[in-house]
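Step one of this worksheet: look at the structure below.
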There are 2 protein chains.
Amino acid sequence: MNGKKITVLIFILSLSIALVSGCTKKIAPEESGEKVVDFALVIHGGAGAMKKGLMSEEKEKAYKAKLTEALNVGYKILNEGGTSLDAVEKVINLLEDSPLFNAGKGAVFNSEGMNELDASIMNGKDKTAGAVAGVHHIKNPISLARLVMEKSPHVLMAGEGAEKFAVENGVKLVDTSYFFTESRWESLQRVKKIEKLKNPIFEPAEKKESKFGTVGCVALDKAGNLAAGTSTGGMTNKKYGRIGDSPIIGAGTYADNNTCAVSCTGHGEYFIRYVVAYDITALMKYKNMSVEKASDEVINKKLKAVGGSGGVIAIDKEGNIAMPFNTSGMFRGYVTDKNEPEVKIYDE
Amino acid sequence: MNGKKITVLIFILSLSIALVSGCTKKIAPEESGEKVVDFALVIHGGAGAMKKGLMSEEKEKAYKAKLTEALNVGYKILNEGGTSLDAVEKVINLLEDSPLFNAGKGAVFNSEGMNELDASIMNGKDKTAGAVAGVHHIKNPISLARLVMEKSPHVLMAGEGAEKFAVENGVKLVDTSYFFTESRWESLQRVKKIEKLKNPIFEPAEKKESKFGTVGCVALDKAGNLAAGTSTGGMTNKKYGRIGDSPIIGAGTYADNNTCAVSCTGHGEYFIRYVVAYDITALMKYKNMSVEKASDEVINKKLKAVGGSGGVIAIDKEGNIAMPFNTSGMFRGYVTDKNEPEVKIYDE
């Protein structure tokens with residue numbers, strides 16, 4: 001083979017690699033070390049089997065509108081010099097208040113017909129964190145997680161104890177009826193019917209429902225601080241007080257100013273066993289990987305190899321963004337001081 | 001300075017480093033890559049302010065006897081070709097059944113005068129894991145954690161749900177009176193008295209009680225498989241359904257045949273925020289550190305720098321053991337096919 005042929009071959013090879021690796025959003029040049037955006041915010045509304053055409057156009061529109069609204073809320077806070085922590089909390093509040101997502105108002109029902117909520121938040125500046133699991137009367141679990149972080153010496157509170165803490169800190173409990181939505185109730189009846197027929201008491205209901213509606217947000221503020229948060233209603237027909245990855249610091253949520261902020265969505269058990277959120281920061285810290293490479297490594301290699309489905313959103317201290325997922329879709333979007341809000345659902 | 005002087009200086013320096021770094025037990029030569037023991041097992045019974053002379057000689061004897069008994073149980077199982085998972089479970093069962101440790105029978109009381117138990121277990125062979133949090137009627141939480149791992153698709157179950165799962169899987173619930181011990185009850189009254197005086201509702205009670213009695217075990221079996229487990233009663237006067245690191249995979253417990261098995265004890269909130277158990281495996285995997293160096297890095301550098309007190313036990317696939325702690329003492333011990341059981345309490 002002569003020199004010219006080799007050059008052409010290398011060119012084609014490079015082009016192929018460039019095309020294949022185009023699944024994450026590159027905003028700043030990799031390893032530049034410089035902050036190329038003043039601030040940035042990324043959100044997700046769950047990953048799952050969301051093949052194009054299965055969802056009605058109307059529903060697609062509603063999701064995109066709500067995600068854009070959330071990005072605008074975050075943009076406003078960050079643009080006015082607000083903290084990444086405030087942006088993460090307020091953006092997630094908006095998603096929790098929408099019946100579209102499996103968090104807050106739109107939470108799915110557990111096997112007892114209850115809505116059982118989990119959330120966690122982490123401040124990348126000092127690596128403080130707060131989380132709540134299995135609460136039934138909290139309108140905005142992410143805000144209670146922040147209270148746990150800021151007003152208690154603890155990281156994780158569960159069940160009635162967490163609600164007692166909420167009341168003592170001025171949070172108004174809501175009646176469980178607040179969380180009732182017709183569509184989630186129907187989902188539960190559907191899953192229970194299938195369960196009765198096949199008695200697959202241990203097959204995760206979500207496999208059948210095939211959508212993970214957890215919401216999450218990560219942000220970088222003007223001061224250079226990172227924050228991450230995640231909120232969920234868990235799994236339809238969830239049994240036995242099961243806790244997934246969302247309220248687990250290191251699994252569903254992590255933030256460290258030295259590396260990145262991460263929020264996960266997917267089959268929680270895998271995210272716990274593979275310590276997904278922290279593993280992405282560890283690959284950056286210990287292996288000098290970029291946020292794009294580290295996120296891709298964990299979601300598309302490690303998790304995919306063992307059948308762990310889901311995705312993550314991540315942002316590093318320079319404002320580089322990654323949003324990989326190994327499912328057919330993930331509700332997601334981002335905004336920066338240099339970009340208009342961009343929202344996507346499918347693998348595009 | 002001439003060459004001879006330099007040689008002497010280097011010799012003295014090397015000797016100092018060797019003396020200073022002698023806090024972990026080296027069984028196999030570092031980075032040898034060869035299994036130099038057929039099997040090995042390490043245990044802890046909690047780390048804390050255990051200054052020599054503060055404990056009665058009798059009590060010291062009782063602790064050492066129970067730890068030795070536990071090591072012998074583990075030795076027997078592993079020597080007969082049993083799995084590391086069986087060894088970890090049975091050894092922790094023995095420690096849970098003893099009123100000496102803050103797990104099972106000897107669990108401390110929460111602020112409502114209840115014993116609230118957490119445990120987790122992980123199999124290094126396939127990275128499956130199980131955990132329970134906030135159970136009140138389970139004699140041996142580590143065995144329920146194993147049931148969660150082996151008989152459910154979940155990793156973590158909490159509260160009443162976990163107990164319902166236990167009953168459905170043939171576990172007999174025990175009355176809460178089973179966990180009553182005079183000494184733990186007195187501890188709660190003491191802490192409540194101090195709380196009333198100072199109203200430090202948020203100062204961790206353990207700081208005053210100054211001992212963390214969590215138990216844990218890590219093991220390597222003849223087949224080369226690693227396993228880790230941790231069991232605890234949490235903190236005296238614990239409030240608000242607080243969950244510590246013990247039932248959190250990645251924080252209090254982790255096992256991966258490719259790196260090591262880890263069990264933690266200490267101020268749980270720090271262990272969650274720093275994802276201690278998984279971080280040790282990450283340093284081995286990504287930075288090629290030995291189990292001794294990785295454990296020391298996390299406990300004596302990272303955690304110490306931020307005031308996170310506690311310790312870990314860890315064992316790698318070759319049988320190298322590490323037992324670092326940044327408190328004044330840690331109940332600990334180990335046994336291998338080549339060593340008699342060795343048990344220690346203080347920094348010696």
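Just remember, in the structure tokens the first chain shown is A, the second B, etc., residues are 1-based per chain, and ligands are 1-based in the order shown.
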request  = Using only C-alpha atoms, determine which residues of chain A fall within 9 Å of chain B; present them as JSON, numbers by chain.
outcome  = {"A": [122, 127, 128, 129, 134, 151, 152, 153, 154, 155, 156, 157, 158, 159, 160, 161, 162, 163, 164, 165, 202, 203, 204, 239, 240, 241, 242, 243, 244, 248, 249, 250, 251, 254, 268, 269, 270, 272, 273, 274, 275, 278, 279, 282, 283, 286, 287]}
Convert the current residue selection to file output with C-alpha atoms, as a PDB file, in the first residue's frame.
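Result saved to selection-v1.pdb:
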ATOM      1  CA  MET A 122     -26.012  17.566  45.867  1.00  0.00           C
ATOM      2  CA  LYS A 127     -20.067  17.985  48.377  1.00  0.00           C
ATOM      3  CA  THR A 128     -22.920  18.335  50.851  1.00  0.00           C
ATOM      4  CA  ALA A 129     -25.993  16.333  49.953  1.00  0.00           C
ATOM      5  CA  GLY A 134     -40.506   6.767  50.508  1.00  0.00           C
ATOM      6  CA  LYS A 151     -30.994  22.015  57.977  1.00  0.00           C
ATOM      7  CA  SER A 152     -29.877  18.643  59.312  1.00  0.00           C
ATOM      8  CA  PRO A 153     -26.607  16.794  59.855  1.00  0.00           C
ATOM      9  CA  HIS A 154     -28.011  13.875  57.859  1.00  0.00           C
ATOM     10  CA  VAL A 155     -27.920  12.951  54.182  1.00  0.00           C
ATOM     11  CA  LEU A 156     -30.801  10.502  53.829  1.00  0.00           C
ATOM     12  CA  MET A 157     -34.159  10.387  55.642  1.00  0.00           C
ATOM     13  CA  ALA A 158     -36.954   7.915  54.904  1.00  0.00           C
ATOM     14  CA  GLY A 159     -40.697   7.519  55.324  1.00  0.00           C
ATOM     15  CA  GLU A 160     -42.626   9.014  58.225  1.00  0.00           C
ATOM     16  CA  GLY A 161     -39.433  10.278  59.849  1.00  0.00           C
ATOM     17  CA  ALA A 162     -38.635  12.394  56.803  1.00  0.00           C
ATOM     18  CA  GLU A 163     -42.182  13.816  56.860  1.00  0.00           C
ATOM     19  CA  LYS A 164     -41.867  14.607  60.561  1.00  0.00           C
ATOM     20  CA  PHE A 165     -38.680  16.511  59.746  1.00  0.00           C
ATOM     21  CA  PHE A 202     -40.721 -10.173  40.694  1.00  0.00           C
ATOM     22  CA  GLU A 203     -40.570  -8.929  37.163  1.00  0.00           C
ATOM     23  CA  PRO A 204     -40.131  -5.159  37.333  1.00  0.00           C
ATOM     24  CA  LYS A 239     -43.499  -3.558  46.318  1.00  0.00           C
ATOM     25  CA  TYR A 240     -41.793  -4.097  49.660  1.00  0.00           C
ATOM     26  CA  GLY A 241     -40.620  -0.537  50.273  1.00  0.00           C
ATOM     27  CA  ARG A 242     -38.221  -0.840  47.351  1.00  0.00           C
ATOM     28  CA  ILE A 243     -35.826   2.108  47.063  1.00  0.00           C
ATOM     29  CA  GLY A 244     -34.200   2.808  43.697  1.00  0.00           C
ATOM     30  CA  ILE A 248     -28.923   7.397  46.649  1.00  0.00           C
ATOM     31  CA  ILE A 249     -25.988   9.807  46.498  1.00  0.00           C
ATOM     32  CA  GLY A 250     -23.365   8.209  44.234  1.00  0.00           C
ATOM     33  CA  ALA A 251     -25.918   6.079  42.374  1.00  0.00           C
ATOM     34  CA  TYR A 254     -23.590  13.257  42.345  1.00  0.00           C
ATOM     35  CA  GLY A 268     -32.407   1.773  39.429  1.00  0.00           C
ATOM     36  CA  GLU A 269     -30.980  -1.522  40.664  1.00  0.00           C
ATOM     37  CA  TYR A 270     -28.232  -1.434  38.042  1.00  0.00           C
ATOM     38  CA  ILE A 272     -27.000   1.299  42.480  1.00  0.00           C
ATOM     39  CA  ARG A 273     -24.819  -1.747  41.838  1.00  0.00           C
ATOM     40  CA  TYR A 274     -22.641   0.138  39.368  1.00  0.00           C
ATOM     41  CA  VAL A 275     -22.588   3.374  41.438  1.00  0.00           C
ATOM     42  CA  TYR A 278     -20.041   8.621  41.147  1.00  0.00           C
ATOM     43  CA  ASP A 279     -18.351   6.306  38.658  1.00  0.00           C
ATOM     44  CA  ALA A 282     -14.252   8.825  39.203  1.00  0.00           C
ATOM     45  CA  LEU A 283     -13.388   8.182  35.545  1.00  0.00           C
ATOM     46  CA  TYR A 286      -8.705   9.166  38.056  1.00  0.00           C
ATOM     47  CA  LYS A 287      -8.530   8.467  34.312  1.00  0.00           C
TER      48      LYS A 287
END
task = Write out as JSON, numbers by chain the residues lying within 8 Å of Tyr334 in chain A, counting only C-alpha atoms and excluding same-chain residues fewer than 5 positions away.
result = {"A": [40, 41, 42, 43, 71, 341, 342, 343]}
Output all heavy atoms for every residue in the selection just made, as a PDB file, in the first residue's frame.
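again17.pdb, freshly written:
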ATOM      1  N   ALA A  40     -24.770  27.037  32.347  1.00  0.00           N
ATOM      2  CA  ALA A  40     -25.465  26.040  31.529  1.00  0.00           C
ATOM      3  C   ALA A  40     -26.329  25.169  32.425  1.00  0.00           C
ATOM      4  O   ALA A  40     -26.055  25.023  33.632  1.00  0.00           O
ATOM      5  CB  ALA A  40     -24.465  25.177  30.781  1.00  0.00           C
ATOM      6  N   LEU A  41     -27.370  24.610  31.847  1.00  0.00           N
ATOM      7  CA  LEU A  41     -28.300  23.773  32.605  1.00  0.00           C
ATOM      8  C   LEU A  41     -28.828  22.655  31.707  1.00  0.00           C
ATOM      9  O   LEU A  41     -29.163  22.895  30.548  1.00  0.00           O
ATOM     10  CB  LEU A  41     -29.443  24.645  33.137  1.00  0.00           C
ATOM     11  CG  LEU A  41     -30.493  23.978  34.029  1.00  0.00           C
ATOM     12  CD1 LEU A  41     -30.759  24.841  35.267  1.00  0.00           C
ATOM     13  CD2 LEU A  41     -31.790  23.719  33.291  1.00  0.00           C
ATOM     14  N   VAL A  42     -28.870  21.448  32.241  1.00  0.00           N
ATOM     15  CA  VAL A  42     -29.353  20.288  31.487  1.00  0.00           C
ATOM     16  C   VAL A  42     -30.460  19.612  32.293  1.00  0.00           C
ATOM     17  O   VAL A  42     -30.389  19.549  33.524  1.00  0.00           O
ATOM     18  CB  VAL A  42     -28.213  19.257  31.248  1.00  0.00           C
ATOM     19  CG1 VAL A  42     -28.593  18.287  30.141  1.00  0.00           C
ATOM     20  CG2 VAL A  42     -26.906  19.946  30.937  1.00  0.00           C
ATOM     21  N   ILE A  43     -31.463  19.096  31.593  1.00  0.00           N
ATOM     22  CA  ILE A  43     -32.549  18.389  32.289  1.00  0.00           C
ATOM     23  C   ILE A  43     -32.852  17.053  31.604  1.00  0.00           C
ATOM     24  O   ILE A  43     -32.526  16.850  30.433  1.00  0.00           O
ATOM     25  CB  ILE A  43     -33.872  19.206  32.306  1.00  0.00           C
ATOM     26  CG1 ILE A  43     -34.279  19.611  30.876  1.00  0.00           C
ATOM     27  CG2 ILE A  43     -33.742  20.435  33.172  1.00  0.00           C
ATOM     28  CD1 ILE A  43     -35.643  20.291  30.804  1.00  0.00           C
ATOM     29  N   LEU A  71     -36.434  24.682  31.095  1.00  0.00           N
ATOM     30  CA  LEU A  71     -35.139  25.260  30.718  1.00  0.00           C
ATOM     31  C   LEU A  71     -35.163  26.778  30.862  1.00  0.00           C
ATOM     32  O   LEU A  71     -34.187  27.390  31.302  1.00  0.00           O
ATOM     33  CB  LEU A  71     -34.780  24.869  29.280  1.00  0.00           C
ATOM     34  CG  LEU A  71     -34.424  23.389  29.057  1.00  0.00           C
ATOM     35  CD1 LEU A  71     -34.215  23.106  27.575  1.00  0.00           C
ATOM     36  CD2 LEU A  71     -33.180  22.987  29.851  1.00  0.00           C
ATOM     37  N   PRO A 341     -32.721  27.288  24.271  1.00  0.00           N
ATOM     38  CA  PRO A 341     -33.135  25.978  24.801  1.00  0.00           C
ATOM     39  C   PRO A 341     -33.272  24.963  23.671  1.00  0.00           C
ATOM     40  O   PRO A 341     -33.860  25.274  22.630  1.00  0.00           O
ATOM     41  CB  PRO A 341     -34.501  26.259  25.423  1.00  0.00           C
ATOM     42  CG  PRO A 341     -34.491  27.698  25.749  1.00  0.00           C
ATOM     43  CD  PRO A 341     -33.638  28.356  24.704  1.00  0.00           C
ATOM     44  N   GLU A 342     -32.716  23.789  23.870  1.00  0.00           N
ATOM     45  CA  GLU A 342     -32.863  22.722  22.879  1.00  0.00           C
ATOM     46  C   GLU A 342     -33.429  21.495  23.584  1.00  0.00           C
ATOM     47  O   GLU A 342     -32.925  21.075  24.624  1.00  0.00           O
ATOM     48  CB  GLU A 342     -31.516  22.403  22.227  1.00  0.00           C
ATOM     49  CG  GLU A 342     -31.676  21.492  21.025  1.00  0.00           C
ATOM     50  CD  GLU A 342     -30.508  21.595  20.043  1.00  0.00           C
ATOM     51  OE1 GLU A 342     -29.789  22.595  20.058  1.00  0.00           O
ATOM     52  OE2 GLU A 342     -30.334  20.649  19.278  1.00  0.00           O
ATOM     53  N   VAL A 343     -34.469  20.915  23.004  1.00  0.00           N
ATOM     54  CA  VAL A 343     -35.174  19.815  23.644  1.00  0.00           C
ATOM     55  C   VAL A 343     -35.276  18.636  22.685  1.00  0.00           C
ATOM     56  O   VAL A 343     -35.579  18.824  21.500  1.00  0.00           O
ATOM     57  CB  VAL A 343     -36.585  20.293  24.082  1.00  0.00           C
ATOM     58  CG1 VAL A 343     -37.489  19.123  24.346  1.00  0.00           C
ATOM     59  CG2 VAL A 343     -36.481  21.180  25.315  1.00  0.00           C
TER      60      VAL A 343
END
key: Contacts of Ser143 in chain A at 12 Å (only C-alpha atoms; same-chain gap of 4+ positions) as a ChimeraX atom specification   = /A:85-94,96,104,118-122,130-132,138-139,147-151,166,169-172,229-231
ask   = Taking the backbone alone, and naming residues the way the document does, which bits of range 79-171 of chain B are alpha helix (DSSP H) by DSSP, as a ChimeraX atom specification?
value = /B:79,84-97,141-151,159-168
note = From the list B:Met284, B:Val262, B:Ala322, B:Leu117, the nearest residue to Met235 in chain B using only C-alpha atoms is B:Leu117
request  = Show which residues sit within 7 Å of range 46-58 of chain A, as a list in words. Count only C-alpha atoms, and ignore same-chain residues fewer than 2 positions away.
outcome  =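 Contacts, in chain order: His44, Glu60, Lys61, Ala62, Ser210, Lys211, Phe212, Gly213, Thr214, Val215, Thr265, Gly266, Gly310, Gly311, Thr327, Ser328, Gly329, Met330, Phe331 and Tyr346 of chain A.
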task = Could you pull out the residues in range 144-309 of chain A that DSSP calls strand (DSSP E or B) from the backbone, as number ranges by chain?
result = A: 156-158, 211, 215-220, 226-232, 242-243, 249, 253-255, 260-266
Could you write out that same residue set with N, CA, C and O atoms as a compact mmCIF listing (two decimals), in the first residue's frame?
# COMPACT_ATOMS: atom_id res chain seq x y z
N LEU A 156 -29.63 11.23 54.32
CA LEU A 156 -30.80 10.50 53.83
C LEU A 156 -31.81 10.25 54.94
O LEU A 156 -31.47 9.73 56.00
N MET A 157 -33.06 10.67 54.71
CA MET A 157 -34.16 10.39 55.64
C MET A 157 -35.25 9.64 54.89
O MET A 157 -35.50 9.94 53.72
N ALA A 158 -35.93 8.72 55.59
CA ALA A 158 -36.95 7.91 54.90
C ALA A 158 -38.29 7.96 55.61
O ALA A 158 -38.38 8.19 56.81
N LYS A 211 -41.19 2.68 30.43
CA LYS A 211 -40.77 4.07 30.43
C LYS A 211 -40.36 4.44 31.85
O LYS A 211 -41.01 4.08 32.81
N VAL A 215 -37.28 12.55 36.88
CA VAL A 215 -36.77 13.83 36.36
C VAL A 215 -35.46 14.20 37.05
O VAL A 215 -35.18 13.76 38.17
N GLY A 216 -34.64 14.97 36.35
CA GLY A 216 -33.36 15.37 36.92
C GLY A 216 -32.84 16.64 36.28
O GLY A 216 -33.28 17.03 35.19
N CYS A 217 -31.92 17.29 36.97
CA CYS A 217 -31.35 18.54 36.47
C CYS A 217 -29.91 18.68 36.99
O CYS A 217 -29.63 18.34 38.14
N VAL A 218 -29.03 19.15 36.12
CA VAL A 218 -27.66 19.50 36.54
C VAL A 218 -27.37 20.89 36.00
O VAL A 218 -27.88 21.27 34.95
N ALA A 219 -26.57 21.64 36.75
CA ALA A 219 -26.32 23.02 36.32
C ALA A 219 -24.94 23.52 36.73
O ALA A 219 -24.36 23.05 37.72
N LEU A 220 -24.45 24.46 35.94
CA LEU A 220 -23.22 25.19 36.23
C LEU A 220 -23.60 26.66 36.29
O LEU A 220 -24.21 27.19 35.35
N LEU A 226 -21.17 23.70 40.55
CA LEU A 226 -22.03 22.67 39.96
C LEU A 226 -23.04 22.16 40.99
O LEU A 226 -22.77 22.17 42.19
N ALA A 227 -24.19 21.73 40.51
CA ALA A 227 -25.19 21.09 41.37
C ALA A 227 -25.97 20.06 40.56
O ALA A 227 -26.07 20.18 39.34
N ALA A 228 -26.50 19.06 41.27
CA ALA A 228 -27.28 18.01 40.61
C ALA A 228 -28.46 17.62 41.48
O ALA A 228 -28.38 17.66 42.71
N GLY A 229 -29.58 17.25 40.85
CA GLY A 229 -30.75 16.79 41.59
C GLY A 229 -31.57 15.80 40.78
O GLY A 229 -31.55 15.83 39.55
N THR A 230 -32.27 14.91 41.49
CA THR A 230 -33.10 13.89 40.85
C THR A 230 -34.36 13.68 41.69
O THR A 230 -34.29 13.72 42.92
N SER A 231 -35.51 13.47 41.04
CA SER A 231 -36.76 13.26 41.77
C SER A 231 -37.60 12.22 41.03
O SER A 231 -37.67 12.24 39.80
N THR A 232 -38.22 11.31 41.79
CA THR A 232 -38.96 10.23 41.12
C THR A 232 -40.12 9.70 41.94
O THR A 232 -40.17 9.89 43.16
N ARG A 242 -39.41 -0.90 48.22
CA ARG A 242 -38.22 -0.84 47.35
C ARG A 242 -37.73 0.60 47.18
O ARG A 242 -38.51 1.51 46.97
N ILE A 243 -36.43 0.80 47.32
CA ILE A 243 -35.83 2.11 47.06
C ILE A 243 -34.89 1.96 45.86
O ILE A 243 -34.08 1.05 45.81
N ILE A 249 -27.13 9.00 46.92
CA ILE A 249 -25.99 9.81 46.50
C ILE A 249 -24.89 8.85 46.01
O ILE A 249 -24.55 7.89 46.69
N THR A 253 -27.45 10.40 41.81
CA THR A 253 -27.09 11.82 41.82
C THR A 253 -25.67 11.99 42.37
O THR A 253 -25.30 11.32 43.33
N TYR A 254 -24.88 12.87 41.76
CA TYR A 254 -23.59 13.26 42.34
C TYR A 254 -23.15 14.59 41.77
O TYR A 254 -23.46 14.91 40.61
N ALA A 255 -22.44 15.37 42.57
CA ALA A 255 -21.90 16.64 42.09
C ALA A 255 -20.60 16.95 42.81
O ALA A 255 -20.51 16.82 44.04
N CYS A 260 -17.72 16.84 37.77
CA CYS A 260 -18.97 17.15 37.09
C CYS A 260 -20.17 16.94 38.00
O CYS A 260 -20.03 16.50 39.14
N ALA A 261 -21.34 17.29 37.49
CA ALA A 261 -22.61 17.03 38.17
C ALA A 261 -23.39 16.05 37.31
O ALA A 261 -23.42 16.18 36.09
N VAL A 262 -24.01 15.05 37.96
CA VAL A 262 -24.70 13.97 37.23
C VAL A 262 -26.08 13.69 37.82
O VAL A 262 -26.25 13.68 39.04
N SER A 263 -27.06 13.46 36.96
CA SER A 263 -28.36 12.93 37.39
C SER A 263 -28.74 11.77 36.47
O SER A 263 -28.62 11.86 35.25
N CYS A 264 -29.22 10.69 37.08
CA CYS A 264 -29.49 9.46 36.32
C CYS A 264 -30.98 9.16 36.21
O CYS A 264 -31.79 9.62 37.01
N THR A 265 -31.31 8.35 35.23
CA THR A 265 -32.66 7.80 35.08
C THR A 265 -32.57 6.43 34.42
O THR A 265 -31.82 6.25 33.47
N GLY A 266 -33.30 5.47 34.98
CA GLY A 266 -33.23 4.14 34.37
C GLY A 266 -33.57 3.05 35.37
O GLY A 266 -34.23 3.31 36.38
ask   = Counting only C-alpha atoms, what is within 9 Å of Phe179 in chain B, bar same-chain residues fewer than 2 positions away, as an MDAnalysis selection string?
value = chainID B and resid 99 104:108 114:115 136:137 139 174:177 181
Same residues, N, CA and C atoms, saved as a short mmCIF file (atom, residue, chain, number, x, y, z; two decimals), in the first residue's frame:
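Writing the result to selection_20.cif gives the following:
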data_model
loop_
_atom_site.label_atom_id
_atom_site.label_comp_id
_atom_site.auth_asym_id
_atom_site.auth_seq_id
_atom_site.Cartn_x
_atom_site.Cartn_y
_atom_site.Cartn_z
N PRO B 99 -24.76 -9.14 72.16
CA PRO B 99 -25.17 -7.79 72.62
C PRO B 99 -24.00 -6.80 72.65
N GLY B 104 -28.09 -6.08 65.21
CA GLY B 104 -28.92 -7.17 65.73
C GLY B 104 -29.22 -6.96 67.20
N LYS B 105 -28.98 -7.98 68.01
CA LYS B 105 -29.30 -8.00 69.45
C LYS B 105 -28.78 -6.77 70.21
N GLY B 106 -27.63 -6.27 69.83
CA GLY B 106 -27.04 -5.16 70.59
C GLY B 106 -27.31 -3.78 69.99
N ALA B 107 -28.29 -3.70 69.10
CA ALA B 107 -28.57 -2.43 68.40
C ALA B 107 -28.94 -1.31 69.37
N VAL B 108 -28.53 -0.11 69.03
CA VAL B 108 -28.87 1.05 69.86
C VAL B 108 -30.34 1.45 69.62
N MET B 114 -36.99 2.81 69.77
CA MET B 114 -37.06 1.61 68.93
C MET B 114 -35.66 1.24 68.44
N ASN B 115 -35.49 -0.05 68.11
CA ASN B 115 -34.25 -0.47 67.47
C ASN B 115 -34.51 -0.56 65.97
N HIS B 136 -37.50 -3.41 62.03
CA HIS B 136 -37.64 -3.45 63.49
C HIS B 136 -37.84 -4.84 64.06
N HIS B 137 -38.11 -5.82 63.21
CA HIS B 137 -38.47 -7.15 63.71
C HIS B 137 -37.63 -8.25 63.09
N LYS B 139 -34.28 -10.44 63.25
CA LYS B 139 -33.18 -10.84 64.14
C LYS B 139 -31.83 -10.69 63.44
N VAL B 174 -39.25 -11.21 64.87
CA VAL B 174 -39.09 -11.27 66.33
C VAL B 174 -39.76 -10.05 66.94
N ASP B 175 -40.19 -10.20 68.19
CA ASP B 175 -40.78 -9.07 68.88
C ASP B 175 -39.69 -8.03 69.13
N THR B 176 -40.11 -6.76 69.16
CA THR B 176 -39.11 -5.71 69.38
C THR B 176 -38.38 -5.87 70.70
N SER B 177 -39.01 -6.57 71.65
CA SER B 177 -38.38 -6.75 72.97
C SER B 177 -37.09 -7.57 72.86
N THR B 181 -31.59 -4.17 75.38
CA THR B 181 -30.46 -4.41 76.28
C THR B 181 -30.37 -3.20 77.21
#
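Ranking A:Arg190, A:Lys64, A:Lys59, A:Lys35 by their shortest atom-to-atom distance to Ile345 in chain A, with only C-alpha atoms included, puts A:Lys64 first.
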